[in-house]
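Pasted below: work_38.csv, CSV, C-alpha atoms.
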```csv
chain,number,residue,atom,x,y,z
A,245,MET,CA,-49.0,130.4,-49.9
A,246,ASP,CA,-49.8,126.7,-50.7
A,247,ASN,CA,-47.2,125.3,-48.2
A,248,LYS,CA,-48.7,127.5,-45.5
A,249,LEU,CA,-52.1,125.9,-46.2
A,250,ASP,CA,-50.5,122.5,-45.8
A,251,TRP,CA,-49.2,123.5,-42.4
A,252,LEU,CA,-52.4,125.1,-41.3
A,253,TRP,CA,-54.1,121.8,-42.2
A,254,LEU,CA,-51.6,119.7,-40.2
A,255,GLN,CA,-51.9,121.9,-37.1
A,256,TYR,CA,-55.7,121.4,-37.3
A,257,VAL,CA,-55.3,117.7,-37.7
A,258,LEU,CA,-52.9,117.2,-34.8
A,259,GLY,CA,-54.2,119.9,-32.5
A,260,CYS,CA,-52.0,122.4,-30.6
A,261,GLY,CA,-49.3,121.2,-28.3
A,262,LYS,CA,-48.9,117.7,-29.8
A,263,LYS,CA,-45.6,116.1,-30.6
A,264,ILE,CA,-45.0,116.8,-34.2
A,265,LYS,CA,-41.2,116.1,-34.4
A,266,PRO,CA,-41.5,112.3,-34.6
A,267,LEU,CA,-44.0,112.6,-37.4
A,268,LEU,CA,-41.8,114.9,-39.5
A,269,GLU,CA,-38.8,112.7,-39.0
A,270,VAL,CA,-40.7,110.1,-41.1
A,271,PHE,CA,-42.7,112.5,-43.4
A,272,SER,CA,-40.5,115.5,-44.2
A,273,SER,CA,-43.3,118.0,-44.6
A,274,ALA,CA,-46.9,118.7,-44.1
A,275,ARG,CA,-47.6,118.1,-47.8
A,276,SER,CA,-46.0,114.6,-47.4
A,277,VAL,CA,-48.4,113.8,-44.5
A,278,TYR,CA,-51.4,115.0,-46.5
A,279,GLU,CA,-50.4,112.9,-49.5
A,280,ALA,CA,-49.8,109.8,-47.4
A,281,GLY,CA,-53.5,109.7,-46.4
A,282,PRO,CA,-55.2,108.4,-43.3
A,283,ASP,CA,-54.6,104.7,-44.0
A,284,THR,CA,-50.8,105.2,-43.7
A,285,PHE,CA,-51.2,106.0,-40.0
A,286,ARG,CA,-53.4,103.1,-38.9
A,287,GLY,CA,-52.4,99.7,-37.7
A,288,ALA,CA,-49.4,98.1,-35.9
A,289,ASP,CA,-47.2,98.3,-39.0
A,290,ALA,CA,-47.6,102.1,-39.4
A,291,ALA,CA,-44.3,104.0,-39.0
A,292,VAL,CA,-46.2,106.7,-37.1
A,293,THR,CA,-49.7,106.2,-35.6
A,294,LEU,CA,-52.2,109.0,-35.1
A,295,SER,CA,-55.2,109.2,-32.7
A,296,GLN,CA,-58.7,108.5,-34.0
A,297,THR,CA,-59.5,112.2,-33.6
A,298,ALA,CA,-56.6,113.2,-35.8
A,299,LEU,CA,-57.6,110.6,-38.4
A,300,THR,CA,-61.1,111.9,-38.5
A,301,ARG,CA,-59.9,115.4,-38.9
A,302,MET,CA,-57.6,114.3,-41.7
A,303,LYS,CA,-60.5,113.0,-43.7
A,304,SER,CA,-62.8,116.0,-42.9
A,305,LYS,CA,-60.7,118.8,-44.4
A,306,SER,CA,-58.0,119.5,-47.0
A,307,PRO,CA,-55.4,122.2,-47.1
A,308,ARG,CA,-57.4,124.4,-49.4
A,309,ASP,CA,-60.1,124.7,-46.7
A,310,PHE,CA,-57.7,127.0,-44.8
A,311,ALA,CA,-57.3,129.6,-47.6
A,312,ASP,CA,-59.8,132.0,-45.9
A,313,ILE,CA,-57.7,131.9,-42.7
A,314,ALA,CA,-54.5,132.7,-44.7
A,315,ALA,CA,-56.2,135.5,-46.5
A,316,PHE,CA,-57.6,137.0,-43.3
A,317,CYS,CA,-54.1,136.9,-41.8
A,318,ALA,CA,-52.6,138.6,-44.8
A,319,ARG,CA,-55.3,141.4,-44.6
A,320,CYS,CA,-54.6,141.9,-40.9
A,321,GLY,CA,-50.8,142.0,-41.0
A,322,ILE,CA,-50.5,138.6,-39.2
A,323,HIS,CA,-47.4,136.6,-40.4
A,324,ILE,CA,-47.9,132.9,-40.7
A,325,LEU,CA,-44.6,131.2,-39.9
A,326,THR,CA,-44.1,127.5,-40.7
A,327,PRO,CA,-41.1,125.2,-40.2
A,328,GLU,CA,-40.3,125.7,-43.9
A,329,ASP,CA,-40.0,129.5,-43.4
A,330,PRO,CA,-36.4,130.6,-42.7
A,331,ARG,CA,-37.8,133.1,-40.1
A,332,TYR,CA,-39.3,130.3,-38.0
A,333,PRO,CA,-37.5,130.3,-34.7
A,334,ARG,CA,-34.6,127.8,-34.8
A,335,ARG,CA,-34.7,127.2,-31.0
A,336,LEU,CA,-38.3,125.9,-31.3
A,337,LEU,CA,-37.4,123.3,-33.8
A,338,SER,CA,-35.3,121.6,-31.2
A,339,ILE,CA,-38.3,120.6,-29.1
A,340,GLU,CA,-40.5,117.6,-29.6
A,341,ASP,CA,-43.8,119.6,-29.7
A,342,PHE,CA,-43.0,122.7,-31.7
A,343,PRO,CA,-46.0,124.4,-33.4
A,344,ALA,CA,-46.7,123.6,-37.0
A,345,VAL,CA,-47.8,127.2,-37.4
A,346,LEU,CA,-47.0,130.4,-35.5
A,347,PHE,CA,-49.2,133.5,-36.0
A,348,LEU,CA,-47.2,136.6,-35.5
A,349,ARG,CA,-47.7,140.3,-35.3
A,350,GLY,CA,-44.5,142.5,-35.4
A,351,ASP,CA,-41.0,141.6,-36.5
A,352,PRO,CA,-40.5,137.9,-37.4
A,353,ASP,CA,-36.7,138.3,-37.6
A,354,CYS,CA,-36.3,139.0,-33.9
A,355,LEU,CA,-37.2,135.4,-33.0
A,356,ASN,CA,-33.8,134.3,-34.1
A,357,SER,CA,-31.8,136.7,-32.0
A,358,GLY,CA,-28.3,135.7,-30.9
A,359,SER,CA,-29.4,135.0,-27.3
A,360,ALA,CA,-32.8,134.9,-25.6
A,361,PHE,CA,-34.1,134.6,-22.1
A,362,ALA,CA,-37.6,133.9,-20.8
A,363,VAL,CA,-38.4,135.9,-17.7
A,364,ILE,CA,-41.5,134.9,-15.8
A,365,GLY,CA,-42.9,135.0,-12.3
A,366,SER,CA,-45.8,136.0,-10.0
A,367,ARG,CA,-48.8,137.9,-11.2
A,368,THR,CA,-48.9,139.7,-7.8
A,369,PRO,CA,-45.2,140.3,-7.0
A,370,CYS,CA,-43.9,142.0,-3.9
A,371,LEU,CA,-41.8,145.2,-4.2
A,372,TYR,CA,-38.6,143.2,-4.0
A,373,GLY,CA,-39.7,141.0,-6.9
A,374,GLU,CA,-40.7,144.0,-9.0
A,375,GLN,CA,-37.4,145.7,-8.5
A,376,ALA,CA,-35.4,142.5,-9.1
A,377,ALA,CA,-37.4,141.7,-12.3
A,378,THR,CA,-36.8,145.3,-13.6
A,379,ASP,CA,-33.1,145.2,-12.8
A,380,ILE,CA,-32.3,141.7,-14.0
A,381,THR,CA,-34.4,142.0,-17.2
A,382,ALA,CA,-33.0,145.5,-18.1
A,383,ASP,CA,-29.4,144.1,-17.8
A,384,LEU,CA,-30.2,141.0,-19.8
A,385,ALA,CA,-31.7,143.3,-22.5
A,386,ALA,CA,-28.8,145.6,-22.4
A,387,SER,CA,-26.5,142.7,-23.1
A,388,GLY,CA,-28.3,142.4,-26.5
A,389,SER,CA,-30.5,139.5,-25.4
A,390,LEU,CA,-34.1,139.0,-26.5
A,391,ILE,CA,-36.6,138.9,-23.7
A,392,VAL,CA,-39.5,136.4,-23.9
A,393,SER,CA,-42.5,136.3,-21.6
A,394,GLY,CA,-46.2,135.6,-21.5
A,395,GLY,CA,-47.7,139.1,-21.3
A,396,ALA,CA,-49.6,138.4,-18.0
A,397,LEU,CA,-49.9,141.0,-15.2
A,398,GLY,CA,-47.0,141.2,-12.7
A,399,ILE,CA,-43.5,139.9,-13.5
A,400,ASP,CA,-44.3,139.1,-17.2
A,401,SER,CA,-45.4,142.7,-17.8
A,402,ILE,CA,-42.5,144.1,-15.9
A,403,ALA,CA,-40.1,142.0,-18.0
A,404,HIS,CA,-41.6,143.2,-21.3
A,405,ARG,CA,-41.5,146.8,-20.2
A,406,ALA,CA,-38.0,146.7,-18.9
A,407,ALA,CA,-36.8,145.3,-22.2
A,408,LEU,CA,-38.7,148.0,-24.2
A,409,GLU,CA,-37.3,150.7,-22.0
A,410,ALA,CA,-33.8,149.3,-22.6
A,411,GLY,CA,-34.4,149.7,-26.3
A,412,GLN,CA,-34.4,146.0,-26.9
A,413,LYS,CA,-37.1,143.9,-28.7
A,414,THR,CA,-39.2,141.5,-26.7
A,415,VAL,CA,-41.5,138.6,-27.6
A,416,LEU,CA,-44.9,138.1,-26.0
A,417,VAL,CA,-46.3,134.6,-26.3
A,418,MET,CA,-50.1,134.5,-26.0
A,419,GLY,CA,-52.3,131.6,-24.9
A,420,CYS,CA,-55.1,132.7,-27.2
A,421,GLY,CA,-55.6,134.0,-30.8
A,422,HIS,CA,-54.9,137.4,-32.1
A,423,GLY,CA,-58.0,139.6,-31.7
A,424,SER,CA,-59.1,137.8,-28.5
A,425,SER,CA,-60.5,140.0,-25.8
A,426,TYR,CA,-58.3,138.5,-23.2
A,427,LEU,CA,-56.7,140.8,-20.5
A,428,GLN,CA,-57.7,144.2,-21.9
A,429,GLU,CA,-55.6,145.8,-19.1
A,430,ASN,CA,-52.5,144.8,-21.1
A,431,ALA,CA,-53.8,145.8,-24.6
A,432,ASP,CA,-51.5,148.8,-24.7
A,433,LEU,CA,-48.5,146.7,-23.8
A,434,ARG,CA,-49.3,144.2,-26.5
A,435,LYS,CA,-49.4,147.1,-29.0
A,436,GLU,CA,-46.0,148.3,-27.9
A,437,VAL,CA,-44.6,144.8,-28.2
A,438,ALA,CA,-46.0,144.4,-31.7
A,439,GLY,CA,-44.2,147.7,-32.6
A,440,CYS,CA,-40.9,146.7,-31.1
A,441,GLY,CA,-40.7,142.9,-31.0
A,442,ALA,CA,-43.4,140.3,-31.7
A,443,LEU,CA,-46.7,139.0,-30.5
A,444,VAL,CA,-46.7,135.2,-31.0
A,445,THR,CA,-49.3,132.5,-30.7
A,446,GLU,CA,-50.1,129.1,-32.2
A,447,TYR,CA,-53.8,129.6,-32.0
A,448,LEU,CA,-56.0,130.7,-34.9
A,449,PRO,CA,-57.1,134.4,-34.8
A,450,LYS,CA,-60.0,135.1,-32.5
A,451,THR,CA,-59.4,131.9,-30.5
A,452,PRO,CA,-60.5,132.6,-26.9
A,453,VAL,CA,-58.6,131.7,-23.8
A,454,THR,CA,-59.2,128.1,-22.5
A,455,ALA,CA,-58.0,126.3,-19.4
A,456,GLY,CA,-55.4,124.3,-21.4
A,457,GLY,CA,-54.2,127.3,-23.4
A,458,PHE,CA,-51.6,128.6,-20.9
A,459,PRO,CA,-49.8,125.3,-20.2
A,460,GLN,CA,-49.5,124.8,-23.9
A,461,ARG,CA,-48.3,128.4,-24.4
A,462,ASN,CA,-45.7,127.9,-21.7
A,463,ARG,CA,-43.7,125.3,-23.7
A,464,ILE,CA,-43.3,128.0,-26.4
A,465,ILE,CA,-42.0,130.6,-23.9
A,466,SER,CA,-39.3,128.2,-22.8
A,467,GLY,CA,-38.7,126.8,-26.3
A,468,LEU,CA,-38.0,130.3,-27.8
A,469,SER,CA,-35.3,130.9,-25.1
A,470,ASP,CA,-31.9,129.8,-24.2
A,471,ALA,CA,-32.8,129.7,-20.5
A,472,LEU,CA,-35.6,130.3,-18.2
A,473,VAL,CA,-35.4,133.0,-15.5
A,474,ILE,CA,-37.9,132.8,-12.6
A,475,ILE,CA,-38.2,135.9,-10.4
A,476,GLU,CA,-40.9,135.1,-7.9
A,477,ALA,CA,-43.1,132.0,-7.6
A,478,ALA,CA,-45.4,130.7,-4.9
A,479,ASP,CA,-46.1,127.0,-4.4
A,480,PRO,CA,-48.1,126.0,-6.2
A,481,SER,CA,-47.6,128.3,-9.1
A,482,GLY,CA,-48.2,128.4,-12.9
A,483,THR,CA,-44.4,128.9,-13.3
A,484,PHE,CA,-43.9,125.3,-12.5
A,485,SER,CA,-45.5,124.4,-15.8
A,486,THR,CA,-43.0,126.5,-17.7
A,487,ALA,CA,-40.2,125.1,-15.5
A,488,ARG,CA,-41.2,121.5,-16.4
A,489,HIS,CA,-41.2,122.4,-20.1
A,490,ALA,CA,-37.8,124.1,-19.8
A,491,LYS,CA,-36.3,121.0,-18.0
A,492,ALA,CA,-37.7,118.7,-20.7
A,493,GLN,CA,-36.2,121.0,-23.4
A,494,ASN,CA,-32.8,121.0,-21.7
A,495,ARG,CA,-32.9,124.7,-20.9
A,496,ASN,CA,-31.1,126.1,-18.0
A,497,ILE,CA,-33.4,127.3,-15.2
A,498,TYR,CA,-32.3,130.3,-13.1
A,499,VAL,CA,-34.2,131.4,-10.0
A,500,LEU,CA,-34.0,134.4,-7.8
A,501,PRO,CA,-34.2,133.2,-4.1
A,502,GLY,CA,-36.5,135.0,-1.7
A,503,ASP,CA,-37.4,135.2,2.0
A,504,ILE,CA,-37.8,131.6,3.2
A,505,LYS,CA,-40.7,132.7,5.4
A,506,SER,CA,-42.6,134.3,2.4
A,507,GLY,CA,-45.2,132.3,0.6
A,508,ASN,CA,-44.5,134.4,-2.5
A,509,PHE,CA,-41.1,132.7,-2.8
A,510,ALA,CA,-42.0,129.2,-1.6
A,511,GLY,CA,-42.0,127.9,-5.2
A,512,SER,CA,-38.8,129.7,-6.1
A,513,ASN,CA,-36.9,128.3,-3.2
A,514,ARG,CA,-38.3,124.8,-3.9
A,515,LEU,CA,-37.1,125.0,-7.5
A,516,ILE,CA,-33.6,125.8,-6.2
A,517,ARG,CA,-33.6,122.9,-3.8
A,518,GLU,CA,-34.6,120.7,-6.8
A,519,GLY,CA,-31.6,121.8,-8.8
A,520,ALA,CA,-32.4,125.1,-10.4
A,521,LYS,CA,-29.5,127.6,-10.2
A,522,ALA,CA,-29.8,130.5,-7.7
A,523,ILE,CA,-29.0,133.8,-9.2
A,524,PHE,CA,-28.7,137.4,-7.9
A,525,SER,CA,-28.0,139.4,-11.0
A,526,ALA,CA,-28.1,139.3,-14.8
A,527,THR,CA,-24.3,138.9,-14.7
A,528,ASP,CA,-24.7,135.5,-12.9
A,529,ILE,CA,-26.9,134.3,-15.8
A,530,LEU,CA,-24.8,135.7,-18.6
A,531,THR,CA,-21.6,134.3,-17.1
A,532,ASP,CA,-23.0,130.9,-16.6
A,533,CYS,CA,-24.5,130.8,-20.1
A,534,PHE,CA,-21.7,132.4,-22.0
A,535,GLY,CA,-18.6,132.2,-19.8
A,536,GLY,CA,-18.6,136.0,-19.2
A,537,LYS,CA,-18.4,136.9,-22.9
A,538,LYS,CA,-21.5,139.0,-22.7
A,539,ALA,CA,-21.5,139.9,-19.1
A,540,GLY,CA,-19.4,143.0,-19.5
A,541,SER,CA,-22.0,144.6,-21.7
A,542,ALA,CA,-24.9,144.0,-19.4
A,543,GLY,CA,-26.2,147.0,-17.5
A,544,THR,CA,-23.5,148.4,-15.3
A,545,GLY,CA,-21.0,146.0,-16.8
A,546,LYS,CA,-19.5,145.0,-13.5
A,547,THR,CA,-18.9,141.3,-13.5
A,548,GLY,CA,-20.1,139.6,-10.3
A,549,GLU,CA,-22.1,142.6,-9.1
A,550,ALA,CA,-25.4,141.5,-7.6
A,551,PHE,CA,-28.2,143.8,-8.8
A,552,PRO,CA,-27.3,147.0,-10.5
A,553,GLY,CA,-27.8,150.1,-8.4
A,554,ILE,CA,-25.4,149.2,-5.6
A,555,ASP,CA,-23.5,152.3,-4.5
A,556,VAL,CA,-20.0,151.1,-5.6
A,557,LYS,CA,-18.6,154.5,-4.5
A,558,SER,CA,-19.3,153.7,-0.9
A,559,GLU,CA,-16.0,153.4,0.9
A,560,LYS,CA,-17.2,150.5,3.0
A,561,GLY,CA,-18.5,148.8,-0.1
A,562,LYS,CA,-15.3,149.4,-2.0
A,563,LYS,CA,-13.1,148.1,0.8
A,564,ARG,CA,-14.9,144.8,1.0
A,565,ARG,CA,-15.0,144.4,-2.8
A,566,LYS,CA,-11.3,144.8,-3.1
A,567,THR,CA,-10.3,142.0,-0.8
A,568,ASP,CA,-11.7,139.4,1.5
A,569,LYS,CA,-8.7,139.8,3.8
A,570,PRO,CA,-9.3,141.7,7.1
A,571,ALA,CA,-8.1,145.3,7.1
A,572,GLU,CA,-4.7,146.0,8.7
A,573,LYS,CA,-5.0,146.7,12.4
A,574,GLU,CA,-4.6,150.2,13.8
A,575,GLU,CA,-2.4,150.6,16.9
A,576,ASN,CA,-5.3,150.4,19.3
A,577,GLN,CA,-7.4,148.0,17.4
A,578,PRO,CA,-8.3,144.9,19.5
A,579,GLU,CA,-7.1,141.5,18.5
A,580,GLU,CA,-9.5,139.8,16.1
A,581,LYS,CA,-11.5,137.1,17.8
A,582,PRO,CA,-10.6,133.5,16.8
A,583,ALA,CA,-14.2,132.8,16.2
A,584,ALA,CA,-14.3,135.4,13.5
A,585,LYS,CA,-11.3,133.8,11.7
A,586,ASN,CA,-13.0,130.4,11.8
A,587,ARG,CA,-16.2,131.9,10.4
A,588,GLU,CA,-14.3,133.3,7.4
A,589,LYS,CA,-12.8,129.9,6.7
A,590,ASN,CA,-16.3,128.4,6.7
A,591,MET,CA,-17.7,130.8,4.2
A,592,PRO,CA,-19.6,128.8,1.6
A,593,GLU,CA,-18.1,128.6,-1.9
A,594,GLY,CA,-19.9,130.1,-4.8
A,595,ILE,CA,-21.9,132.7,-2.9
A,596,SER,CA,-22.3,136.2,-4.4
A,597,LYS,CA,-20.1,139.2,-3.6
A,598,ASN,CA,-22.9,140.7,-1.6
A,599,ALA,CA,-23.3,137.6,0.4
A,600,GLN,CA,-19.6,137.5,1.1
A,601,ILE,CA,-19.8,141.1,2.4
A,602,VAL,CA,-22.7,140.3,4.7
A,603,TYR,CA,-21.2,137.1,5.9
A,604,ASN,CA,-17.9,138.9,6.9
A,605,ILE,CA,-19.9,141.5,8.8
A,606,MET,CA,-21.9,138.9,10.6
A,607,SER,CA,-18.8,137.0,11.5
A,608,GLU,CA,-17.8,140.1,13.5
A,609,GLY,CA,-20.9,139.7,15.6
A,610,VAL,CA,-23.2,142.2,13.9
A,611,VAL,CA,-26.7,140.7,13.6
A,612,HIS,CA,-29.2,143.6,13.3
A,613,LEU,CA,-30.4,144.4,9.7
A,614,ASP,CA,-29.8,148.2,10.2
A,615,GLU,CA,-26.2,147.7,11.3
A,616,ILE,CA,-25.5,145.2,8.5
A,617,THR,CA,-26.9,147.8,6.0
A,618,ARG,CA,-24.7,150.6,7.4
A,619,SER,CA,-21.6,148.6,7.6
A,620,SER,CA,-21.9,147.1,4.1
A,621,GLY,CA,-22.7,150.2,2.2
A,622,LEU,CA,-25.4,148.2,0.3
A,623,GLN,CA,-29.0,149.1,-0.2
A,624,VAL,CA,-31.3,147.3,2.2
A,625,ARG,CA,-32.9,145.2,-0.6
A,626,PHE,CA,-29.5,143.8,-1.6
A,627,VAL,CA,-28.7,143.1,2.1
A,628,LEU,CA,-32.0,141.1,2.3
A,629,ALA,CA,-31.2,139.2,-0.8
A,630,ALA,CA,-27.8,138.3,0.5
A,631,LEU,CA,-29.3,137.2,3.8
A,632,THR,CA,-31.7,135.0,2.0
A,633,GLU,CA,-28.8,133.5,0.0
A,634,LEU,CA,-27.0,132.7,3.2
A,635,GLU,CA,-30.1,131.2,4.7
A,636,LEU,CA,-30.4,129.0,1.6
A,637,PHE,CA,-26.8,127.9,2.1
A,638,GLY,CA,-27.7,127.0,5.7
A,639,VAL,CA,-25.1,129.3,7.3
A,640,ALA,CA,-27.5,132.0,8.6
A,641,GLU,CA,-30.9,132.2,10.2
A,642,ALA,CA,-33.3,134.8,11.7
A,643,ASP,CA,-32.8,135.5,15.4
A,644,GLY,CA,-35.8,137.7,16.1
A,645,PRO,CA,-37.3,140.7,14.2
A,646,ASN,CA,-34.6,142.1,11.8
A,647,ARG,CA,-31.9,140.2,13.6
A,648,TYR,CA,-29.8,137.5,11.9
A,649,VAL,CA,-27.0,135.2,13.1
A,650,LEU,CA,-24.6,132.8,11.6
A,651,VAL,CA,-25.1,129.2,12.4
```
Could I get this file's structure written as structure tokens?
Amino acid sequence: MDNKLDWLWLQYVLGCGKKIKPLLEVFSSARSVYEAGPDTFRGADAAVTLSQTALTRMKSKSPRDFADIAAFCARCGIHILTPEDPRYPRRLLSIEDFPAVLFLRGDPDCLNSGSAFAVIGSRTPCLYGEQAATDITADLAASGSLIVSGGALGIDSIAHRAALEAGQKTVLVMGCGHGSSYLQENADLRKEVAGCGALVTEYLPKTPVTAGGFPQRNRIISGLSDALVIIEAADPSGTFSTARHAKAQNRNIYVLPGDIKSGNFAGSNRLIREGAKAIFSATDILTDCFGGKKAGSAGTGKTGEAFPGIDVKSEKGKKRRKTDKPAEKEENQPEEKPAAKNREKNMPEGISKNAQIVYNIMSEGVVHLDEITRSSGLQVRFVLAALTELELFGVAEADGPNRYVLV
């Protein structure tokens, strides 16, 4: 218990969200910092300097002053994890501002799962965003990956529930303390997560929500994960805070593109323009992260398939999946137009299978959404996703209501 008191003291001294790694590279533990005393951290010759606020706090309390908090947590079933605890998440230790203390309800061992993905997005998603969040998260969870999110309404909640329904543990990172009255609409979800995963926070029990709590919380969401997945984000959006943390932490950032005319996806599409990787399925993410080693176990298990749920038994869909070459001509079939051949040669590299299918159909002159849907054998939401992808690559554009054309 004593070393936990040392870390509780250090977190109080520094405050949440401060860079602790440089300090611990000089002083190997919270106990060493306490024993060094305030004078060690003053002046130009100090190996590490602390703010005046931190020095004042250092003098005002000692580790034993936190015994009541530790006892309260023990009574309430709240685990106190410190960097000296083997259950402390290894991924967090790689970032500059990892928490000195994590307060956790649930299973501490799940924090060090083999792979972990943060899934975040809009609090008021559209139907397409909801479906995409469910499908992608369910497949990531089915691959054996831990799902991390922030427990907010919208995409966060969808991600947690998709993981739970897939039978996989999930981690919910809070921007307040355990026992806070924040967001009672999600109280049942938090109970479920605590029973199959973990509720995590760096804030003392009963700490209410503050304006700065969520940006600080966001660094933990990305820090607990191998990569960040953004499903739907406006511009501006709170997801940019998490994206900035992920970039600083050298985490990959994956973004689902959306309608370029929709404000709901303005932030998502901007992140892609700024270098985030566009994705259309969990397989895209798993293949990029692990070279396909885990992709086969995700969801439907079909590498390269964009969004599970595509009717792969459709004859039209199967024909186009098997080959990108045009079908053999029947006797009375007209000669293929030269323009169509040129279109196929100009197909962008790296686009998804669905986008290839839609591109090939549009190269034949079909531009209405209904006809593309019929010809492709894909569900309309996957056609729309493919059209958005082609728009982002600059090879397609809208040409009136529900009409699209290659450019």
Interatomic distance, CA of Leu530 in chain A to CA of Ser506 in chain A (Å, one decimal):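 That distance, rounded to one decimal, is 27.6 Å.
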List as a PDB file with C-alpha atoms, in the coordinates of the input the protein and nucleic acid residues near Ala442 in chain A, meaning an atom at most 7 Å away when only C-alpha atoms are counted, but skip any in the same chain fewer than 5 places from it.
```pdb
ATOM      1  CA  LEU A 348     -47.200 136.600 -35.500  1.00  0.00           C
ATOM      2  CA  ARG A 349     -47.700 140.300 -35.300  1.00  0.00           C
ATOM      3  CA  GLY A 350     -44.500 142.500 -35.400  1.00  0.00           C
ATOM      4  CA  ASP A 351     -41.000 141.600 -36.500  1.00  0.00           C
ATOM      5  CA  PRO A 352     -40.500 137.900 -37.400  1.00  0.00           C
ATOM      6  CA  THR A 414     -39.200 141.500 -26.700  1.00  0.00           C
ATOM      7  CA  VAL A 415     -41.500 138.600 -27.600  1.00  0.00           C
ATOM      8  CA  LEU A 416     -44.900 138.100 -26.000  1.00  0.00           C
ATOM      9  CA  VAL A 437     -44.600 144.800 -28.200  1.00  0.00           C
TER      10      VAL A 437
END
```
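Our summary of the geometry notes that CA of Arg331 in chain A is positioned 5.9 Å from CA of Asp353 in chain A.
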Straight-line distance linking CA of Ser525 in chain A with CA of Ile380 in chain A, stated in Å to one decimal: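 Separation between CA of Ser525 in chain A and CA of Ile380 in chain A: 5.7 Å.
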Leu390 in chain A environment, 9 Å, all atoms listed in the file, sequence neighbours closer than 3 positions dropped, as a list of chain:residue names: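 My reading of the contact set: A:Cys354, A:Leu355, A:Asn356, A:Ser357, A:Gly358, A:Ser359, A:Ala360, A:Phe361, A:Ala362, A:Leu384, A:Ala385, A:Ala407, A:Gln412, A:Lys413, A:Thr414, A:Val415, A:Gly441, A:Ser469.
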Top pick for closest residue to Leu631 in chain A, considering A:Pro307, A:Pro480, A:Gly457, A:Pro501 and counting all atoms listed in the file: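 Once distances to Leu631 in chain A are computed over all atoms listed in the file, the minimum belongs to A:Pro501.
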For Asn513 in chain A, the nearest of the candidates A:Val417, A:Leu636, A:Ala599, A:Val473, counting all atoms listed in the file: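 The answer is A:Leu636, which sits nearest to Asn513 in chain A.
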Pick from A:Glu374, A:Asp383, A:Asp470, A:Asp528 nearest to Gln493 in chain A, counting only C-alpha atoms: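 Smallest separation from Gln493 in chain A among the options: A:Asp470.
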Test item: residues at most 12 Å from Phe637 in chain A, all atoms listed in the file, excluding those fewer than 2 positions along its chain, as a ChimeraX atom specification: /A:501,504,513,516-517,522,590-596,599,603,630-635,639-641,650-651
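Closest approach to Gly388 in chain A from the set A:Ala410, A:Ala492, A:Leu254, A:Val453 is made by A:Ala410, with distances taken over only C-alpha atoms.
Distances to Gly467 in chain A were evaluated for A:Leu408, A:Ala376, A:Leu337, A:Ala280 using only C-alpha atoms, and the minimum falls at A:Leu337.
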Contacts of Gln255 in chain A within 12 Å, all atoms listed in the file, excl. fewer than 2 positions in-chain, as a VMD selection string: chain A and resid 248 to 253 257 to 264 274 277 to 278 298 301 to 302 305 to 307 310 326 to 327 341 to 347 446 to 448
Residue among A:Asp379, A:Glu476, A:Glu608, A:Glu518 lying closest to Ile364 in chain A, counting only C-alpha atoms: A:Glu476
What would range 312-319 of chain A look like with N, CA, C and O atoms restored, written as an mmCIF file, keeping the file's coordinate frame?
```
data_model
loop_
_atom_site.group_PDB
_atom_site.id
_atom_site.type_symbol
_atom_site.label_atom_id
_atom_site.label_comp_id
_atom_site.auth_asym_id
_atom_site.auth_seq_id
_atom_site.Cartn_x
_atom_site.Cartn_y
_atom_site.Cartn_z
ATOM 1 N N ASP A 312 -59.138 130.759 -46.496
ATOM 2 C CA ASP A 312 -59.800 132.000 -45.900
ATOM 3 C C ASP A 312 -58.982 132.458 -44.708
ATOM 4 O O ASP A 312 -58.847 133.671 -44.508
ATOM 5 N N ILE A 313 -58.470 131.538 -43.907
ATOM 6 C CA ILE A 313 -57.700 131.900 -42.700
ATOM 7 C C ILE A 313 -56.393 132.623 -43.179
ATOM 8 O O ILE A 313 -56.002 133.663 -42.643
ATOM 9 N N ALA A 314 -55.741 132.053 -44.182
ATOM 10 C CA ALA A 314 -54.500 132.700 -44.700
ATOM 11 C C ALA A 314 -54.775 134.053 -45.254
ATOM 12 O O ALA A 314 -53.989 134.988 -45.046
ATOM 13 N N ALA A 315 -55.881 134.208 -45.953
ATOM 14 C CA ALA A 315 -56.200 135.500 -46.500
ATOM 15 C C ALA A 315 -56.548 136.520 -45.444
ATOM 16 O O ALA A 315 -56.159 137.691 -45.530
ATOM 17 N N PHE A 316 -57.259 136.080 -44.402
ATOM 18 C CA PHE A 316 -57.600 137.000 -43.300
ATOM 19 C C PHE A 316 -56.279 137.462 -42.614
ATOM 20 O O PHE A 316 -56.136 138.648 -42.309
ATOM 21 N N CYS A 317 -55.337 136.551 -42.390
ATOM 22 C CA CYS A 317 -54.100 136.900 -41.800
ATOM 23 C C CYS A 317 -53.311 137.936 -42.642
ATOM 24 O O CYS A 317 -52.719 138.905 -42.135
ATOM 25 N N ALA A 318 -53.329 137.727 -43.932
ATOM 26 C CA ALA A 318 -52.600 138.600 -44.800
ATOM 27 C C ALA A 318 -53.248 140.044 -44.761
ATOM 28 O O ALA A 318 -52.533 141.051 -44.748
ATOM 29 N N ARG A 319 -54.591 140.115 -44.692
ATOM 30 C CA ARG A 319 -55.300 141.400 -44.600
ATOM 31 C C ARG A 319 -54.954 142.117 -43.280
ATOM 32 O O ARG A 319 -54.860 143.346 -43.232
#
```
